[in-house]
Structures are given as structure tokens and as C-alpha cells.
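Everything below concerns the one structure shown next.
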Amino acid sequence: MIEPDVEKLLAYVAKEATRYLEWTSTAPVRSPRVDEVAASFDIKLPEDGEGALAPLQEIFDKAREGAVHSAGPRFFGFVIGGATPAALAADWVTSTLDQNVGLDVCGPVASRLEFVVVAWLREMFGLPSSWGGVLVTGATMANFTGLACGRRWWAQQHGRDVDDEGFAGLPGVPVLSSGYLHGSSHKALAMLGIGRNTVRKFARDEAGRLDVDAYGRALEELGGAPAIVIANAGEVNTGDFDPIAEMIDIARQHNTWVHVDGAFGLFGALSPRTAPLLAGTERADSVTSDGHKWLNVPYDCGFAFVRDVSYLAGPFGVSAAYLRAGEDTPNLAFMKPEASQRARAWTVWATLRAYGHSGYRAMIERHLDLAQRIAARVDAAPDLELLAEVKLNIVCFRFRPPEVPEEELNALNERLLDALLADGRVFVTGTLYEDKRALRPALVNWRTQEADVDLLVDVVRELGAKVLAT
Ligand SMILES: *Cc1c(COP(=O)(O)O)cnc(C)c1O
């Protein structure tokens with residue numbers, strides 16, 4: 001079973017990986033052959049093995065033709081980071097060591113490293129040093145983790161241990177947010193039994209901006225009953241923020257648990273230019289962010305921070321005869337949804353050590369500059385229209401040639417998005433913003449430079465003109 005030639009295989013992967021990353025500098029981000037390549041893997045279960053080199057070669061060959069090359073610099077879709085060299089290499093090491101950090105006894109060094117990394121991240125994001133946190137698979141699970149703590153707190157206010165006893169007999173959990181709430185919070189609320197659609201969103205316009213007065217009134221009307229508030233630090237259409245400080249000021253006059261979703265927006269704390277958007281976050285009870293987005297570590301990696309780390313033991317504690325209780329060192333398996341788990345701390349530690357706080361600040365600020373560069377070019381182009389102020393790293397705009405009437409613009413931009421996907425030189429995803437079909441490139445990848453964003457604007461205008469002509 002053991003491949004005698006591990007060295008040969010790893011050398012092959014190192015060589016091909018380097019070539020692949022080099023190639024993504026200029027190759028199309030997405031090939032039109034995706035479906036065909038994906039289907040080609042669907043072969044009969046091999047009765048006899050062929051050895052390890054053949055499948056690796058096949059994966060590399062086919063990935064080149066069929067994968068979306070989001071590791072490269074011209075992927076602007078959703079909010080997706082790449083992997084810094086330090087993080088990528090550390091990820092290989094992580095697989096080599098293959099530690100299960102759920103229990104300290106299995107992976108003591110890597111498990112304890114997670115506490116170091118959480119402290120580094122807390123410092124970088126300006127969160128109080130008394131807070132705790134855990135690494136999870138992403139911001140969805142981080143939202144789940146933070147809101148699970150909030151649910152525990154909420155039930156305690158009703159004199160109940162919801163994690164031991166469940167919800168039976170308790171009223172519904174009031175959850176309040178703005179229209180900026182991310183879908184993953186709905187999902188987390190569904191997973192928590194609170195209910196996907198029970199959250200009340202106070203929006204004063206179609207974009208979803210918080211209606212502060214209505215939100216304040218709703219808290220008032222609860223008459224002291226406990227509630228969970230979710231503030232959004234970085235909304236995915238435009239990168240805008242809820243007025244977090246104001247939202248928390250109001251929440252604190254009532255009986256609330258405040259959760260902040262900063263999946264990518266929390267990184268705004270690294271630059272003095274955007275840090276004010278996050279003012280007040282340090283007064284929340286739980287905060288979410290992502291590693292695999294703006295930190296540029298490989299999937300999967302998210303961060304859940306909590307003011308009072310003891311809450312984690314409620315939903316996530318485990319007891320079983322074969323697990324030793326009362327150990328001095330905390331076991332991560334008892335602090336988060338996952339039991340057995342990857343040692344995610346290695347990549348985070350390695351990339352922060354490699355590039356430092358200042359290296360990340362510089363990257364974030366370069367992305368802020370690139371977003372402004374796109375916005376300026378959009379403003380200057382007669383056939384493009386900026387739809388929202390650019391506050392962070394997302395630029396929401398549309399193709400709008402002066403001769404096309406408003407009612408035809410959504411269909412035109414829909415066709416443009418399809419044309420961009422088929423063309424593949426850049427990858428950008430769309431949205432519906434205030435009922436307008438829009439493009440919303442996000443700057444997240446550490447490799448992206450001015451030439452890449454200039455190409456983005458050029459390709460949008462070129463394909464826009466083509467789509468308009470047909
Ligand atoms: C991406 C994102 C999430 C979900 O993150 P995953 O890492 O995909 O689970 C949650 N909230 C916001 C604001 C996001 O941008």
C-alpha cells in the first residue's frame with residue numbers, strides 16, 4: 001500500500017504546482033470546457049490500482065483545462081482569496097504531519113498553536129486580549145459558532161440550559177439585523193433551530209441599509225426580553241458596513257447578545273483608512289471572520305471569536321468514557337463544531353510570520369487602492385455606471401451605454417455577465433443591486449495588480465460593446 005517513491009511523487013507535485021501557478025498569471029481564468037472535463041473523471045471504479053503518479057498527472061492535466069483558476073490574479077468573483085506562498089507551503093506541511101488537533105493528546109503542538117494564532121488574529125483585528133476564539137471551516141461555521149453561544153446566553157436569560165435541555169417550552173428567539181445580513185447567517189440560524197426566516201431585518205432602502213429607528217423601536221418593544229443582534233461588517237454586494245458602533249450603542253441599552261459578521265470586512269481593521277468602519281466591534285459578544293478570503297490561506301479556514309470563551313463549552317462540549325476529562329490543556333474538539341479536524345493553525349501562523357502585520361496591511365491597502373482605481377475608471381467611462389460608493393474592496397457597477405433605455409439594462413448586463421464567463425480572461429460575478437443587474441468585482445487575491453484590474457475594465461467594455469451589437 002505504501003508508495004515506495006514518495007519523494008518522486010512530491011517532487012512531481014512541486015514541479016507541476018509551480019508551473020501551474022506560473023501559468024495562471026496569463027491563462028484564462030475559466031475554460032469553456034468545464035462540463036466536459038468534470039464529466040471525464042466519472043470512470044468506473046478501478047479494480048486494480050495504477051500507481052500514484054497516473055492520477056496526479058491526470059488531475060493536473062485536467063485541472064489546467066477545467067478548473068476555475070481562482071489561485072490566479074484575475075479572479076474577481078464572490079469574495080475568494082488565493083493562497084500566499086507561505087500559506088500554500090505550510091498547507092502541504094499540514095497534510096504531511098496530518099495532525100488531528102481535536103484532542104491535545106493527539107496533536108499537542110498544532111493544537112496549542114491554534115491559541116497562539118487566535119491571539120495574533122485578535123491583536124491584528126483590534127479585539128480585546130481577554131477574548132477567546134477558534135478556527136473553523138469558514139465564516140458560515142464561525143457564524144454558527146458565535147450564534148450558538150448567543151443562543152446559549154439567550155436561553156440562560158430564560159433560566160434554561162438550551163444545550164442540555166433543548167428549546168421545548170421556550171419562546172422564539174428574537175434576532176434582529178439589517179438588510180445586509182448574509183445568507184450564511186440565515187443558514188446558521190436554521191442549523192441552530194432558531195429558524196432561517198425568523199430574523200427581522202430593518203432596512204430603510206432596497207440596498208438593505210439599517211433603519212436605525214425601526215431597529216431601536218423593535219428592541220424597545222421587546223420590553224427587556226433577551227434578543228440577538230447581528231451586525232454586518234462588509235456586505236457582499238458593495239462592501240458596505242452597518243453603522244456598527246451605533247447599532248451596538250443601541251443594543252447595549254437592551255438585553256442583547258451582539259454578533260458581528262466580518263467574514264472579509266474585519267480585515268478593514270488593518271488599515272487606518274477603513275478601521276473606523278469597524279469601530280465598536282470590540283464591544284460585541286462574538287465576531288466572525290474568514291481565513292480563506294482576505295488572509296489568503298487555502299480552504300478551509302474561518303475564525304470565530306467570542307468575548308467569553310466559556311460559552312463554547314455549552315453547545316460544543318463532549319463527554320465520553322474514552323475521552324479523558326479534567327486535563328489541563330483545553331481540547332479544541334470541545335470548543336467548536338468539529339471533533340477530528342485539520343491543523344488549520346499552521347498556515348495562518350506561517351503566513352503571518354512570513355509577511356507580518358505590515359505585509360498584510362500593505363496588501364489590504366493595495367486592494368483598497370485597486371478598488372478605487374476600478375471605480376475611477378468606471379466613472380470616467382461613458383458606458384459604465386458606478387452603483388455604490390466604494391468603501392472597501394468591492395466595486396458595484398454596470399454597463400450602461402447612454403443610448404440604452406433603463407428597462408433594457410438588466411437584460412443587457414445579464415448577457416454581459418454570461419459573455420464574461422464564456423470569455424474567461426477575467427472572472428467576475430454579478431448581483432441585483434437596488435433592482436439593477438450589476439457586476440461586483442471583489443479584490444481579495446494577494447497576486448492582483450493594476451494591470452489585472454485595468455484588463456477587467458477593458459474586457460467589460462469590449463464585451464459590453466459586442467453584446468450590445470448583437
Ligand atoms: C463569505 C461570507 C460568509 C460565509 O463564509 P464561508 O467561508 O463561505 O462559509 C459569511 N458572511 C459574509 C459576509 C461573507 O462574505
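For the C-alpha cells, the naming scheme is as follows: chains receive sequential letters (A, B, ...) according to their order of presentation, residues are indexed from 1 within each chain, and ligands are indexed from 1 in presentation order.
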> Looking only at the backbone, which of the residues in range 323-420 of chain A does DSSP tag as helix (DSSP H, G or I), as a ChimeraX atom specification?
Replying inline: /A:332-334,345-380,406-420
> Per DSSP on the backbone, what are the strand (DSSP E) residues of range 135-257 of chain A, as a list in words?
Replying inline: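 Filtering range 135-257 of chain A down to strand (DSSP E) leaves Leu135, Val136, Val175, Leu176, Ser177, Arg200, Lys201, Ala227, Ile228, Val229, Ile230, Ala231, Asn232, Thr256 and Trp257 of chain A.
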> What do you get as a ChimeraX atom specification if you pick all residues at most 10 Å from ligand 1, counting only C-alpha atoms and all ligand atoms?
Replying inline: /A:78-80,136-144,180-188,232-237,239,241,260-266,288-293,299-303
>> I want to know what sits within 10 Å of Leu222 in chain A, based on only C-alpha atoms, with residues of the same chain fewer than 6 positions away left out; could you give that as number ranges by chain?
In response: A: 174, 254-255
Dump all heavy atoms for the selected residues as a short mmCIF file (atom, residue, chain, number, x, y, z; two decimals), in the first residue's frame?
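The resulting again.cif:
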```
data_model
loop_
_atom_site.label_atom_id
_atom_site.label_comp_id
_atom_site.auth_asym_id
_atom_site.auth_seq_id
_atom_site.Cartn_x
_atom_site.Cartn_y
_atom_site.Cartn_z
N PRO A 174 -35.77 36.13 19.46
CA PRO A 174 -35.78 37.33 18.62
C PRO A 174 -34.37 37.60 18.09
O PRO A 174 -33.41 37.67 18.86
CB PRO A 174 -36.20 38.45 19.59
CG PRO A 174 -36.58 37.77 20.87
CD PRO A 174 -35.91 36.45 20.89
N HIS A 254 -30.31 47.54 25.79
CA HIS A 254 -31.30 46.47 25.94
C HIS A 254 -30.58 45.19 26.32
O HIS A 254 -29.36 45.16 26.48
CB HIS A 254 -32.11 46.33 24.64
CG HIS A 254 -32.78 47.59 24.23
ND1 HIS A 254 -33.99 48.00 24.75
CD2 HIS A 254 -32.36 48.58 23.40
CE1 HIS A 254 -34.32 49.17 24.23
NE2 HIS A 254 -33.35 49.56 23.41
N ASN A 255 -31.35 44.12 26.42
CA ASN A 255 -30.79 42.86 26.88
C ASN A 255 -30.40 42.02 25.66
O ASN A 255 -31.21 41.25 25.16
CB ASN A 255 -31.86 42.15 27.74
CG ASN A 255 -31.28 41.00 28.53
OD1 ASN A 255 -30.07 40.88 28.67
ND2 ASN A 255 -32.16 40.13 29.04
#
```
> Separation of CA of Arg425 in chain A and CA of Pro85 in chain A, in Å?
Replying inline: 23.4 Å
>> Env of range 154-162 of chain A: 10 Å cut, atoms = only C-alpha atoms, seq-sep filter 6 positions within chain, self excluded. Answer as a PyMOL selection string.
In response: chain A and resi 148+168+170-171+173-174+225-228+255-257+314-315
Output N, CA, C and O atoms for every residue in that selection, as a compact mmCIF listing (two decimals), in the first residue's frame.
```
# COMPACT_ATOMS: atom_id res chain seq x y z
N ALA A 148 -24.39 30.18 18.17
CA ALA A 148 -24.67 29.11 19.13
C ALA A 148 -24.39 29.60 20.55
O ALA A 148 -25.13 29.29 21.50
N ALA A 168 -37.67 23.15 24.00
CA ALA A 168 -39.08 22.91 24.30
C ALA A 168 -39.59 23.83 25.40
O ALA A 168 -38.98 23.94 26.47
N LEU A 170 -39.72 27.06 25.39
CA LEU A 170 -39.20 28.42 25.34
C LEU A 170 -39.87 29.19 24.20
O LEU A 170 -40.32 28.59 23.23
N PRO A 171 -39.92 30.52 24.32
CA PRO A 171 -40.47 31.30 23.20
C PRO A 171 -39.49 31.30 22.02
O PRO A 171 -38.38 30.79 22.15
N VAL A 173 -36.71 32.83 19.46
CA VAL A 173 -35.55 33.69 19.75
C VAL A 173 -35.64 34.94 18.87
O VAL A 173 -35.59 34.82 17.65
N PRO A 174 -35.77 36.13 19.46
CA PRO A 174 -35.78 37.33 18.62
C PRO A 174 -34.37 37.60 18.09
O PRO A 174 -33.41 37.67 18.86
N ALA A 225 -36.97 41.68 27.15
CA ALA A 225 -36.76 40.27 26.78
C ALA A 225 -35.43 40.15 26.03
O ALA A 225 -35.08 41.02 25.24
N PRO A 226 -34.67 39.07 26.25
CA PRO A 226 -33.36 38.95 25.60
C PRO A 226 -33.48 38.75 24.09
O PRO A 226 -34.45 38.14 23.63
N ALA A 227 -32.49 39.27 23.35
CA ALA A 227 -32.51 39.18 21.89
C ALA A 227 -31.09 39.08 21.36
O ALA A 227 -30.13 39.46 22.05
N ILE A 228 -30.98 38.59 20.14
CA ILE A 228 -29.68 38.52 19.46
C ILE A 228 -29.67 39.54 18.33
O ILE A 228 -30.64 39.62 17.56
N ASN A 255 -31.35 44.12 26.42
CA ASN A 255 -30.79 42.86 26.88
C ASN A 255 -30.40 42.02 25.66
O ASN A 255 -31.21 41.25 25.16
N THR A 256 -29.18 42.23 25.16
CA THR A 256 -28.82 41.64 23.86
C THR A 256 -27.48 40.92 23.86
O THR A 256 -26.59 41.22 24.65
N TRP A 257 -27.38 39.98 22.92
CA TRP A 257 -26.10 39.39 22.52
C TRP A 257 -25.81 39.96 21.14
O TRP A 257 -26.66 39.86 20.24
N GLY A 314 -20.80 25.03 26.05
CA GLY A 314 -22.23 24.70 26.10
C GLY A 314 -22.63 23.85 24.90
O GLY A 314 -22.90 22.65 25.03
N PRO A 315 -22.62 24.45 23.72
CA PRO A 315 -23.03 23.66 22.55
C PRO A 315 -21.99 22.63 22.11
O PRO A 315 -22.36 21.63 21.49
```
